[in-house]
Amino acid sequence: MSAGGLSDSAARSRNRPIFQRWFGEGFVQGDDRLHFADTEMAAVSSVMDAIEQGRSSFIYDPLPSNDILIAICLAYLRSQDSRFPTDGIIGAGKPLLVLPSLSEGYITRFDKLREDGIGRNPLLFDRQSIQRLSDIGNEKFYSAKHGFEFDVSWSTSSLGAIFIDLRKAEWREPSRRLQTIINLVEENTPPLVFYTDADREVYNPLRQKCVEFSVSSELLSTADPQSSAEATTMAAGYEQLLSSAELSVTSASFGYPDGGRAINQLDQMKNQLQELGLAPMEVGWVYNLLTKVPVKPEYWADAVAGNFYQSAVKDLVRNLRGIAQRTEGQAAELLINYVQGINHLQGVLNKTHPVQEALLEAIEEAEAEGLDRTIVVKDEYEQQALLHAINMENGVMPEQTASIRTLGSVSPAASGEAVYARPFEYKSHPYQFPLRPDITTYQFETWGSTVIGQLKSGLDGTDATFETETHGKSQEEKCSSKRSSETRRQQYESQRQAGVDYDSNASQLSGRQMRLELSNGDIRTVGEHSKFPVYKDSGDIARVRVSDLSPGDDILLLSTATDDIYEMYLDSAKDREKIRKCEATVQQWRDVFESNVGDDNVSIAEALDQIQQKGSGVTTEQTVRHWMSGHTIGPDDDDDVARVLEVFQPELKPRAPAILQSMKEIRRTHRQIGQQARRAVEDQVGAGRNRQGTSDNPDVLNNVEDDVQQVTIQSIETISDE
């Protein structure tokens, strides 16, 4: 690196005549433009200088992008243009071979690159995929297929340089071909360019023999903000932030509600179990779920239910119990004690979760005060879980100035605050490159020292200031938590007054009054917004508004003693409250339809057409009607939830993940209830034929006619408009 830092090294590349056209005017990449920042151009300068000297290079780039890799390959290929003999043909006119990490997806980017200019823009070059070294011919650019073979000696090849992506397990793992790669440096090979995003000790033999270029916050802070103003790469955003903004980092650690008694013992047992090699993955996984995921375990379980690749605490506990039963001696006893401790901590955190509470308060504060605050979570499952938590806890949804974003979707910005909602992976890029000038991290005290240590190490050499906070259960904090809860309760009450009612029975006599004559002789008078359970052929149930029912529809009629199907089939008051809140959330989505479709608004056909224009695959108006009425809980395509909001009420689109999660929760509950209701209805039919019946439960047999029965609506009449 030159004495002037990143900007001087980048300028040397840009000013080389051979690079001025391609890198000066930029590139077209499909429908996007590509302009490289100082970071990529400085890497080009370092690697091209090394190749000219016949030396190999080692690039450490923790940023989750492939822009440096793309820039270096483009620079090498441009340097092979024989029209620039006075500037030097860096690779002696010989081709480039890339041993890629195919899973990163950048190989296809090469195939889309064109010069950004006026008129026809042909592809810059042709790329050939080959299976073995002996396939090298007269083309300029080759990429290796999976399982590439070094089947001939290098002396017989005509390569000018080889780019090796160590992110591919085949090249980086000592148990596979890493030693083969290391040995290449000692052989009579052309210059090698090694690329990695991980700082691993096994790479030390390579680093010692190569010219190294490492990307860090300290390096990016030496960029020229003006030179990267037009750049489109990820590094450009970090250059702007690091070279112009003052960095402030606050690490907030939260104590456990039980004073840390459980976690201290769990930490010791986890280490012992992993040392013994007893279910080390499951033991660590369940520990991390409880100590890293920023929501109550029950909300995480709701978010990942039915996902093959994700697990809830209860799923892992079940697996660990099975392992304990197959284990003997003290190891089995240790694992059983660990499982009991996990269950205890899960129960504690389901009652009170300090990190979740702090996040909800941070979102509420941002929305109330207009703060530009981004809550950063690991992935879409944590995003859904946090939105679900907000919904269940009557919190404030991030709609105006606050947002909840996954780590992979956040781009750096030179203003605002980023709240890291959980500890991220060791040496992951948000610890080395700040996403915003103001960074706040939330984590349990278990991870506090690790997080602040990672941040100080990653931001070493910058002007960042650091502050740590520890939040326990002091009286002051309890009062603060209480005030926040009272604020959310006031909002909840205002929502109720505005018509967002969480009580399924509260609207029984609201709005117009409807008179129903039923096939069993009953006559019922209810409000138009009342909902009756409908048993579906699929085996579950739906709860449909009376105003959306018609004569001939079958409904499940409940006794007056248990007028709510949730009261009948859900034993836990907490479960009943949870599902009612989910229904209220989904009803808000349906209300968007009712406010915009029908009467003097757009027709069902027009609504269908507008949703299709947003990419929906729905083809029939009946499907849309079922969404509106509740005959179906929601769309089969999850993305249709957001599409509806985007068409009719775009400002509510941030609520889509919470609405979708509520739909999933309702579906699960209705499926369970539907199975029980079906048995009850079948017992009812059997009881009508034979009072002895065949039910396994005599109580059900004797009381089904009083508890639940399926009846047909004979007529529906509006009897009042008040």
# chains A, B, ... in the order shown; residues from 1 in each chain; ligands from 1
$ residues_around --residues "Ala366 in chain A" --least-positions-apart "6" --cutoff "8 Å" --atoms "only C-alpha atoms" --output "PyMOL selection string"
chain A and resi 372-373+401-402
$ write_last_selection --atoms "N, CA, C and O atoms" --output "PDB file, in the first residue's frame"
ATOM      1  N   ASP A 372     -33.978   7.611  12.890  1.00  0.00           N
ATOM      2  CA  ASP A 372     -33.588   6.685  11.818  1.00  0.00           C
ATOM      3  C   ASP A 372     -32.845   5.525  12.469  1.00  0.00           C
ATOM      4  O   ASP A 372     -31.640   5.575  12.675  1.00  0.00           O
ATOM      5  N   ARG A 373     -33.566   4.472  12.785  1.00  0.00           N
ATOM      6  CA  ARG A 373     -33.000   3.354  13.541  1.00  0.00           C
ATOM      7  C   ARG A 373     -33.310   2.042  12.825  1.00  0.00           C
ATOM      8  O   ARG A 373     -34.485   1.719  12.565  1.00  0.00           O
ATOM      9  N   THR A 401     -39.968   5.427  10.698  1.00  0.00           N
ATOM     10  CA  THR A 401     -38.529   5.704  10.765  1.00  0.00           C
ATOM     11  C   THR A 401     -37.721   4.520  11.268  1.00  0.00           C
ATOM     12  O   THR A 401     -36.504   4.494  11.115  1.00  0.00           O
ATOM     13  N   ALA A 402     -38.361   3.550  11.895  1.00  0.00           N
ATOM     14  CA  ALA A 402     -37.669   2.339  12.361  1.00  0.00           C
ATOM     15  C   ALA A 402     -37.883   1.226  11.333  1.00  0.00           C
ATOM     16  O   ALA A 402     -38.859   1.227  10.589  1.00  0.00           O
TER      17      ALA A 402
END
$ select_by_dssp --residues "range 108-262 of chain A" --states "strand (DSSP E)" --output "NGL selection string"
:A and (113-115 or 128-132 or 141-149 or 161-165 or 192-196 or 211-214 or 248-254)
$ residues_around --residues "range 403-414 of chain A" --least-positions-apart "2" --cutoff "6 Å" --atoms "only C-alpha atoms" --output "list in words"
Gly237, Tyr238, Leu241, Thr374, Ile375, Val376, Val377, Lys378, Asp379, Pro398, Leu435 and Arg436 of chain A
$ write_last_selection --atoms "N, CA, C and O atoms" --output "compact mmCIF listing (two decimals), in the first residue's frame"
# COMPACT_ATOMS: atom_id res chain seq x y z
N GLY A 237 -19.93 2.21 -0.13
CA GLY A 237 -20.73 2.70 0.99
C GLY A 237 -19.94 2.77 2.28
O GLY A 237 -20.06 3.73 3.05
N TYR A 238 -19.11 1.76 2.52
CA TYR A 238 -18.27 1.78 3.72
C TYR A 238 -17.19 2.85 3.63
O TYR A 238 -16.82 3.46 4.64
N LEU A 241 -18.81 6.10 4.58
CA LEU A 241 -19.10 6.14 6.02
C LEU A 241 -17.83 6.34 6.84
O LEU A 241 -17.74 7.22 7.70
N THR A 374 -32.27 1.29 12.52
CA THR A 374 -32.42 -0.01 11.85
C THR A 374 -32.08 -1.12 12.82
O THR A 374 -30.96 -1.17 13.35
N ILE A 375 -33.03 -2.00 13.08
CA ILE A 375 -32.80 -3.18 13.92
C ILE A 375 -32.28 -4.29 13.00
O ILE A 375 -32.96 -4.68 12.05
N VAL A 376 -31.08 -4.78 13.29
CA VAL A 376 -30.44 -5.77 12.41
C VAL A 376 -30.51 -7.14 13.07
O VAL A 376 -29.98 -7.34 14.17
N VAL A 377 -31.16 -8.09 12.40
CA VAL A 377 -31.26 -9.47 12.88
C VAL A 377 -30.49 -10.38 11.93
O VAL A 377 -30.07 -9.96 10.85
N LYS A 378 -30.34 -11.62 12.33
CA LYS A 378 -29.50 -12.53 11.55
C LYS A 378 -30.12 -12.90 10.21
O LYS A 378 -29.47 -12.85 9.17
N ASP A 379 -31.39 -13.32 10.22
CA ASP A 379 -32.01 -13.83 9.00
C ASP A 379 -33.51 -13.59 9.05
O ASP A 379 -34.03 -12.96 9.98
N PRO A 398 -42.67 -1.26 13.34
CA PRO A 398 -41.75 -0.35 12.65
C PRO A 398 -42.29 -0.01 11.26
O PRO A 398 -42.24 -0.84 10.36
N LEU A 435 -22.26 -0.66 10.05
CA LEU A 435 -23.34 -0.44 9.10
C LEU A 435 -23.87 0.99 9.14
O LEU A 435 -24.45 1.47 8.17
N ARG A 436 -23.68 1.65 10.27
CA ARG A 436 -24.11 3.04 10.46
C ARG A 436 -23.07 3.75 11.32
O ARG A 436 -22.29 3.10 12.01
$ closest_residue --among "A:Lys427, A:Lys292, A:Arg515, A:Arg176" --to "Asp197 in chain A" --atoms "only C-alpha atoms"
A:Lys427
$ closest_residue --among "A:Arg172, A:Asp600, A:Thr250, A:Pro437" --to "Asp463 in chain A" --atoms "only C-alpha atoms"
A:Pro437
$ closest_residue --among "A:Pro191, A:Pro174, A:Pro17, A:Gly615" --to "Ile51 in chain A" --atoms "only C-alpha atoms"
A:Pro191
$ closest_residue --among "A:Leu276, A:Pro257, A:Ala332, A:Glu399" --to "Phe444 in chain A" --atoms "only C-alpha atoms"
A:Pro257
$ atom_distance --atom1 "CA of Val544 in chain A" --atom2 "CA of Lys574 in chain A"
22.9 Å
$ closest_atom_pairs --of "range 11-76 of chain A" --to "range 227-233 of chain A" --cutoff "6 Å" --atoms "only C-alpha atoms" --output "Markdown table"
| residue | atom | partner | partner_atom | distance |
| --- | --- | --- | --- | --- |
| A:Leu34 | CA | A:Thr232 | CA | 5.8 |
| A:His35 | CA | A:Ala231 | CA | 4.5 |
| A:Phe36 | CA | A:Ala231 | CA | 5.2 |
| A:Ala37 | CA | A:Ser228 | CA | 5.0 |
$ atom_distance --atom1 "CA of Val215 in chain A" --atom2 "CA of Asp61 in chain A"
5.1 Å
$ residues_around --residues "range 134-139 of chain A" --least-positions-apart "4" --cutoff "8 Å" --atoms "only C-alpha atoms" --output "PyMOL selection string"
chain A and resi 95+126-128+130+150-152+157-159
$ closest_residue --among "A:Ala161, A:Ala236, A:Leu77, A:Val193" --to "Tyr60 in chain A" --atoms "only C-alpha atoms"
A:Val193
$ atom_distance --atom1 "CA of Met234 in chain A" --atom2 "CA of Pro64 in chain A"
8.4 Å
$ closest_residue --among "A:Leu74, A:Gln383, A:Leu345, A:Val396" --to "Glu364 in chain A" --atoms "only C-alpha atoms"
A:Val396
$ residues_around --residues "Tyr195 in chain A" --least-positions-apart "2" --cutoff "7 Å" --atoms "only C-alpha atoms" --output "NGL selection string"
:A and (58-60 or 164-166 or 193)
$ write_last_selection --atoms "N, CA, C and O atoms" --output "short mmCIF file (atom, residue, chain, number, x, y, z; two decimals), in the first residue's frame"
data_model
loop_
_atom_site.label_atom_id
_atom_site.label_comp_id
_atom_site.auth_asym_id
_atom_site.auth_seq_id
_atom_site.Cartn_x
_atom_site.Cartn_y
_atom_site.Cartn_z
N PHE A 58 -2.17 -12.75 -1.80
CA PHE A 58 -3.16 -13.29 -0.87
C PHE A 58 -4.09 -12.14 -0.48
O PHE A 58 -3.64 -11.13 0.07
N ILE A 59 -5.38 -12.32 -0.75
CA ILE A 59 -6.37 -11.26 -0.48
C ILE A 59 -7.31 -11.72 0.63
O ILE A 59 -7.94 -12.79 0.52
N TYR A 60 -7.38 -10.92 1.69
CA TYR A 60 -8.33 -11.17 2.78
C TYR A 60 -9.41 -10.09 2.71
O TYR A 60 -9.14 -8.91 2.94
N ILE A 164 -7.58 -18.40 -7.17
CA ILE A 164 -8.12 -19.52 -6.38
C ILE A 164 -8.99 -18.96 -5.25
O ILE A 164 -8.50 -18.23 -4.38
N ASP A 165 -10.27 -19.29 -5.26
CA ASP A 165 -11.22 -18.83 -4.24
C ASP A 165 -11.24 -19.84 -3.09
O ASP A 165 -11.82 -20.93 -3.21
N LEU A 166 -10.63 -19.47 -1.98
CA LEU A 166 -10.53 -20.39 -0.84
C LEU A 166 -11.83 -20.52 -0.06
O LEU A 166 -11.89 -21.26 0.92
N VAL A 193 -3.32 -16.05 -7.26
CA VAL A 193 -4.06 -15.06 -6.47
C VAL A 193 -5.03 -15.82 -5.58
O VAL A 193 -5.98 -16.43 -6.07
#
$ select_by_dssp --residues "range 348-503 of chain A" --states "helix (DSSP H, G or I)" --output "PyMOL selection string"
chain A and resi 348-351+354-369+380-392+407-409+429-432+445-458+475-497
